[in-house]
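Notes for the one structure printed next.
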Amino acid sequence: MQNVNETVRKMVSAMVSAADGRMHSVWLYGSILLDDFRPGWSDIDFIAYTNGALSEPQAGRLLTLRQELCAACLENPLLACF
């Protein structure tokens with residue numbers, strides 16, 4: 001099983017790249033922070049804040065990002081938890 005911290009870093013890095021400099025911050029919350037995360041049961045909850053409105057292409061990229069990462073990293077089932 002992949003490391004949760006590495007997976008979160010990978011997702012946040014991809015989000016920052018997709019938002020093309022407009023990402024302000026990403027806040028995690030829920031079971032992932034309460035040490036109650038259960039693979040296969042839990043999800044990884046977050047809120048992303050941007051510096052202003054995203055363009056349509058940026059928003060579209062963020063909407064499909066999880067699916068793209070899952071397809072590219074089949075060995076990491078944690079990506080599907082986002």
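Just so we're on the same page: first chain in the structure tokens is A, next is B, and so on; residues restart at 1 for each chain, and ligands are numbered from 1 in the order they show up.
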What's the 8 Å shell around Tyr49 (chain A), counting only C-alpha atoms, without same-chain residues fewer than 6 positions away, as a short mmCIF file (atom, residue, chain, number, x, y, z; two decimals) with N, CA, C and O atoms, in the first residue's frame?
data_model
loop_
_atom_site.label_atom_id
_atom_site.label_comp_id
_atom_site.auth_asym_id
_atom_site.auth_seq_id
_atom_site.Cartn_x
_atom_site.Cartn_y
_atom_site.Cartn_z
N MET A 23 -3.47 28.42 -7.20
CA MET A 23 -3.80 27.71 -5.96
C MET A 23 -3.23 28.48 -4.77
O MET A 23 -2.05 28.80 -4.72
N HIS A 24 -4.09 28.81 -3.84
CA HIS A 24 -3.68 29.52 -2.63
C HIS A 24 -3.30 28.53 -1.54
O HIS A 24 -2.22 28.60 -0.96
N SER A 25 -4.20 27.60 -1.25
CA SER A 25 -3.93 26.62 -0.20
C SER A 25 -4.86 25.43 -0.35
O SER A 25 -5.91 25.52 -0.98
N VAL A 26 -4.44 24.32 0.24
CA VAL A 26 -5.25 23.11 0.27
C VAL A 26 -5.29 22.66 1.72
O VAL A 26 -4.26 22.49 2.35
#
Within 7 Å of region 55-79 of chain A: each region 11-34 of chain A residue with its shortest pair, only C-alpha atoms, as JSON lines:
{"residue": "A:Met15", "atom": "CA", "partner": "A:Leu62", "partner_atom": "CA", "distance": 6.6}
{"residue": "A:Ala18", "atom": "CA", "partner": "A:Gln58", "partner_atom": "CA", "distance": 6.0}
{"residue": "A:Ala19", "atom": "CA", "partner": "A:Gln58", "partner_atom": "CA", "distance": 5.5}
